[in-house]
Amino acid sequence: MRRIGIWVAVGGLLLSTAACGGGSNDTGTGGQAAKADSLAVGFVAEPANLDFTATEGAAIPQALLVNVYEGLVKLTQDGQIQPLLAEKWEVSDDRKTYTFTLRKGVTFTNGAPFTADDVVFSLDRVKSDWKLKIKSQLDVIDKVEKKDDTTAVVTLKRPSNGWLYSMATRLGAMFSRTGVADLANKPVGTGPYQVSTWKRGDSLLLAANDKYWGTKPAIPQVTLKYFKDATAMNNALLTGGIDVISAVQAPESLGQFSDPNRFQTVEGTTNGEVTMSMNNSRPPFNDKKVRQAVRHAIDHKALLDTAWAGRGQPIGSMVPPTDPWYEDRTGDYAYDPAKAKELLGGKTFNVKMRIPNLPYAVASAQVVKSQLAQVGITAEIEPLEFPARWLDVVFKQGDYDLSIINHVEPRDLGIFADKSYYFRYDNPEFGKLLAAADEGTEQEQSDTIKQAAKLLSEDAAADWLFLFPNLIVAKKGITGLPKNAIAESFDFTGLARQ
């Protein structure tokens, strides 16, 4: 057996979609933000419900993963895999059997003890009860067995580089066998927080779990405050209604927070690819030349400067720089309107751009519309309420020509391997490359994923507008704010006040 220690860096692929949503314009928090033992954080992604096993999007795991629900492992800010409910694990020489030693004395918030039975229950439940496409990432599991109360054994059908990484996402969340009756409203986890109250359209209050097995969070009460409007969220921070803006929605407004005696700004990176999807299954984007023309028609630097105040960076592919197999593919389709017109062969098109009503998507769509018009493509912008309308019309039905969404889940290149996914991209060779990467050595994995990313770019399966920045503004004296955001959750456990 090969013993895996405290820090393990493992590559992987995750099939999912990303999304942000809206909430209340109310900036008040009843004075909560001023209390030393509480913190109010502004968000735009309000969950439709609290069940991430049946509901798409990033809003639920952003709020609950690591904070309320824990897995056997978790991701660090630099993308490494760290033990959580598992103290350690061993991997067999054939890389197919993982033996997890579980922490003792862990209980769920409903009082039930956490044991290997819950590991079996939780992982079996992914196959039987989860409703999301991402559950296919655990299809590689052959069986999950309890050796004793503190030992669980997972046997894979084949070696997989990606499955343990997927276990650090929502897929690996551990559930109580007696706590899944009402996941949409009453989450039951082992984490440092539990859901206290939820005012739909306004806020979600997390309170410290007094029975938590690990280090208690420094801030025992966190309010997630939801805003539809970037100005309202900025005003809430300026007037003391909230303490932190989790992700700045109007980068051009940062000057309001330039006083170092009152505010601090944290700027880093994410793995969120702001992707302009093209429906590969219907005209005109079932024609590769038209898709290539679109990529040549977009001036990505000008778009980033105009739509997002130059924050973030062009990337040219679905692989962000924080992944070990990143290659700069921004040169694949240089801005060249003449080349775009040549590829279109003198034809003109009218297309419908159905986008979520989110600030970055609305701002980017306006620039894209202007640039496409210069080469003969007229785009009609139709904002859709997010999450419900966008997820229904675009994501589920695939009823669109163009769309723009920020795909925030880690290592999500593999979403293009599913031809039923809303991109409707269908190239069997791409899927074969990803499968080979998952089974290969570490070097083979890196080399093969680079080949897959190159193929995806050459096929112009989509256009990657820019990498979304991690841009946080907070009151002075708040510590533990994450510089980089490359996991699904916003981890509140490290936050504190000086």
# chains A, B, ... in the order shown; residues from 1 in each chain; ligands from 1
>>> residues_around(residues="region 249-260 of chain A", least_positions_apart="2", cutoff="7 Å", atoms="only C-alpha atoms", output="PDB file with C-alpha atoms, in the first residue's frame")
ATOM      1  CA  ALA A 230     -23.992  46.065  -7.262  1.00  0.00           C
ATOM      2  CA  ALA A 247     -16.979  39.355  -5.073  1.00  0.00           C
ATOM      3  CA  ARG A 262     -11.611  52.099   6.604  1.00  0.00           C
ATOM      4  CA  PHE A 263     -11.267  49.453   3.902  1.00  0.00           C
ATOM      5  CA  GLN A 264      -9.004  46.812   2.416  1.00  0.00           C
ATOM      6  CA  TRP A 308     -14.724  44.575 -16.112  1.00  0.00           C
ATOM      7  CA  ALA A 309     -12.375  47.552 -15.706  1.00  0.00           C
ATOM      8  CA  PRO A 359     -23.484  42.259 -14.007  1.00  0.00           C
TER       9      PRO A 359
END
>>> residues_around(residues="Ala40 (chain A)", least_positions_apart="3", cutoff="6 Å", atoms="only C-alpha atoms", output="PDB file with C-alpha atoms, in the first residue's frame")
ATOM      1  CA  ALA A  33     -22.288  43.694  11.099  1.00  0.00           C
ATOM      2  CA  VAL A 222     -22.028  34.751   9.773  1.00  0.00           C
ATOM      3  CA  THR A 223     -24.799  36.375   7.756  1.00  0.00           C
ATOM      4  CA  ILE A 242     -22.159  44.530   5.731  1.00  0.00           C
ATOM      5  CA  ASP A 243     -18.514  43.864   6.525  1.00  0.00           C
TER       6      ASP A 243
END
>>> residues_around(residues="Thr109 (chain A)", least_positions_apart="3", cutoff="9 Å", atoms="only C-alpha atoms", output="PyMOL selection string")
chain A and resi 112+179+187-191+194+209-212
>>> select_by_dssp(residues="region 124-168 of chain A", states="strand (DSSP E or B)", output="number ranges by chain")
A: 141-148, 151-156
>>> closest_atom_pairs(of="region 296-389 of chain A", to="region 393-398 of chain A", cutoff="9 Å", atoms="only C-alpha atoms", output="JSON lines")
{"residue": "A:Arg354", "atom": "CA", "partner": "A:Val394", "partner_atom": "CA", "distance": 7.3}
{"residue": "A:Ile355", "atom": "CA", "partner": "A:Val394", "partner_atom": "CA", "distance": 8.4}
{"residue": "A:Leu384", "atom": "CA", "partner": "A:Val393", "partner_atom": "CA", "distance": 8.6}
{"residue": "A:Ala388", "atom": "CA", "partner": "A:Val393", "partner_atom": "CA", "distance": 8.6}
{"residue": "A:Arg389", "atom": "CA", "partner": "A:Val393", "partner_atom": "CA", "distance": 5.9}
>>> write_last_selection(atoms="N, CA and C atoms", output="PDB file, in the first residue's frame")
ATOM      1  N   ARG A 354     -28.884  34.808 -25.251  1.00  0.00           N
ATOM      2  CA  ARG A 354     -29.645  34.687 -24.011  1.00  0.00           C
ATOM      3  C   ARG A 354     -28.679  34.566 -22.841  1.00  0.00           C
ATOM      4  N   ILE A 355     -28.661  35.565 -21.990  1.00  0.00           N
ATOM      5  CA  ILE A 355     -27.671  35.643 -20.920  1.00  0.00           C
ATOM      6  C   ILE A 355     -28.361  35.747 -19.560  1.00  0.00           C
ATOM      7  N   LEU A 384     -32.046  36.903 -19.034  1.00  0.00           N
ATOM      8  CA  LEU A 384     -32.971  35.987 -18.385  1.00  0.00           C
ATOM      9  C   LEU A 384     -32.741  36.014 -16.887  1.00  0.00           C
ATOM     10  N   ALA A 388     -33.438  30.680 -12.149  1.00  0.00           N
ATOM     11  CA  ALA A 388     -34.506  29.825 -12.666  1.00  0.00           C
ATOM     12  C   ALA A 388     -34.627  29.859 -14.189  1.00  0.00           C
ATOM     13  N   ARG A 389     -34.786  31.057 -14.768  1.00  0.00           N
ATOM     14  CA  ARG A 389     -35.046  31.139 -16.204  1.00  0.00           C
ATOM     15  C   ARG A 389     -33.843  30.714 -17.030  1.00  0.00           C
TER      16      ARG A 389
END
>>> decode(residues="region 208-266 of chain A", atoms="C-alpha atoms", output="PDB file, in the first residue's frame")
ATOM      1  CA  ALA A 208     -21.485  28.087  15.109  1.00  0.00           C
ATOM      2  CA  ASN A 209     -21.995  24.373  15.678  1.00  0.00           C
ATOM      3  CA  ASP A 210     -21.336  23.951  19.410  1.00  0.00           C
ATOM      4  CA  LYS A 211     -20.661  20.228  18.932  1.00  0.00           C
ATOM      5  CA  TYR A 212     -18.067  20.696  16.189  1.00  0.00           C
ATOM      6  CA  TRP A 213     -15.233  18.193  16.355  1.00  0.00           C
ATOM      7  CA  GLY A 214     -12.492  20.594  15.201  1.00  0.00           C
ATOM      8  CA  THR A 215     -11.275  24.120  15.899  1.00  0.00           C
ATOM      9  CA  LYS A 216     -14.196  26.443  16.536  1.00  0.00           C
ATOM     10  CA  PRO A 217     -14.502  29.344  14.058  1.00  0.00           C
ATOM     11  CA  ALA A 218     -13.334  32.728  15.340  1.00  0.00           C
ATOM     12  CA  ILE A 219     -16.562  34.331  14.100  1.00  0.00           C
ATOM     13  CA  PRO A 220     -19.484  32.367  15.604  1.00  0.00           C
ATOM     14  CA  GLN A 221     -22.200  34.015  13.510  1.00  0.00           C
ATOM     15  CA  VAL A 222     -22.028  34.751   9.773  1.00  0.00           C
ATOM     16  CA  THR A 223     -24.799  36.375   7.756  1.00  0.00           C
ATOM     17  CA  LEU A 224     -24.763  35.864   3.986  1.00  0.00           C
ATOM     18  CA  LYS A 225     -26.560  38.946   2.660  1.00  0.00           C
ATOM     19  CA  TYR A 226     -27.884  38.793  -0.912  1.00  0.00           C
ATOM     20  CA  PHE A 227     -28.121  41.701  -3.354  1.00  0.00           C
ATOM     21  CA  LYS A 228     -29.462  42.014  -6.899  1.00  0.00           C
ATOM     22  CA  ASP A 229     -27.724  45.322  -7.449  1.00  0.00           C
ATOM     23  CA  ALA A 230     -23.992  46.065  -7.262  1.00  0.00           C
ATOM     24  CA  THR A 231     -24.632  49.641  -6.130  1.00  0.00           C
ATOM     25  CA  ALA A 232     -26.804  48.463  -3.256  1.00  0.00           C
ATOM     26  CA  MET A 233     -24.092  46.055  -2.110  1.00  0.00           C
ATOM     27  CA  ASN A 234     -21.437  48.789  -2.312  1.00  0.00           C
ATOM     28  CA  ASN A 235     -23.640  51.143  -0.322  1.00  0.00           C
ATOM     29  CA  ALA A 236     -24.175  48.474   2.313  1.00  0.00           C
ATOM     30  CA  LEU A 237     -20.423  48.256   2.899  1.00  0.00           C
ATOM     31  CA  LEU A 238     -20.006  52.035   2.871  1.00  0.00           C
ATOM     32  CA  THR A 239     -22.753  52.499   5.459  1.00  0.00           C
ATOM     33  CA  GLY A 240     -21.796  49.566   7.687  1.00  0.00           C
ATOM     34  CA  GLY A 241     -24.634  47.259   6.702  1.00  0.00           C
ATOM     35  CA  ILE A 242     -22.159  44.530   5.731  1.00  0.00           C
ATOM     36  CA  ASP A 243     -18.514  43.864   6.525  1.00  0.00           C
ATOM     37  CA  VAL A 244     -17.340  42.167   3.333  1.00  0.00           C
ATOM     38  CA  ILE A 245     -18.175  42.188  -0.383  1.00  0.00           C
ATOM     39  CA  SER A 246     -17.407  38.607  -1.362  1.00  0.00           C
ATOM     40  CA  ALA A 247     -16.979  39.355  -5.073  1.00  0.00           C
ATOM     41  CA  VAL A 248     -16.995  42.905  -6.417  1.00  0.00           C
ATOM     42  CA  GLN A 249     -19.689  43.285  -9.085  1.00  0.00           C
ATOM     43  CA  ALA A 250     -18.682  46.761 -10.298  1.00  0.00           C
ATOM     44  CA  PRO A 251     -14.858  46.958 -10.466  1.00  0.00           C
ATOM     45  CA  GLU A 252     -15.013  50.539 -11.747  1.00  0.00           C
ATOM     46  CA  SER A 253     -16.441  51.529  -8.346  1.00  0.00           C
ATOM     47  CA  LEU A 254     -13.398  50.467  -6.314  1.00  0.00           C
ATOM     48  CA  GLY A 255     -12.373  54.068  -5.820  1.00  0.00           C
ATOM     49  CA  GLN A 256     -15.128  54.386  -3.219  1.00  0.00           C
ATOM     50  CA  PHE A 257     -13.117  52.070  -0.974  1.00  0.00           C
ATOM     51  CA  SER A 258      -9.700  53.685  -1.337  1.00  0.00           C
ATOM     52  CA  ASP A 259      -9.485  54.921   2.270  1.00  0.00           C
ATOM     53  CA  PRO A 260      -6.983  52.514   3.926  1.00  0.00           C
ATOM     54  CA  ASN A 261      -8.186  53.560   7.355  1.00  0.00           C
ATOM     55  CA  ARG A 262     -11.611  52.099   6.604  1.00  0.00           C
ATOM     56  CA  PHE A 263     -11.267  49.453   3.902  1.00  0.00           C
ATOM     57  CA  GLN A 264      -9.004  46.812   2.416  1.00  0.00           C
ATOM     58  CA  THR A 265      -9.024  45.248  -1.030  1.00  0.00           C
ATOM     59  CA  VAL A 266      -7.922  41.686  -1.737  1.00  0.00           C
TER      60      VAL A 266
END
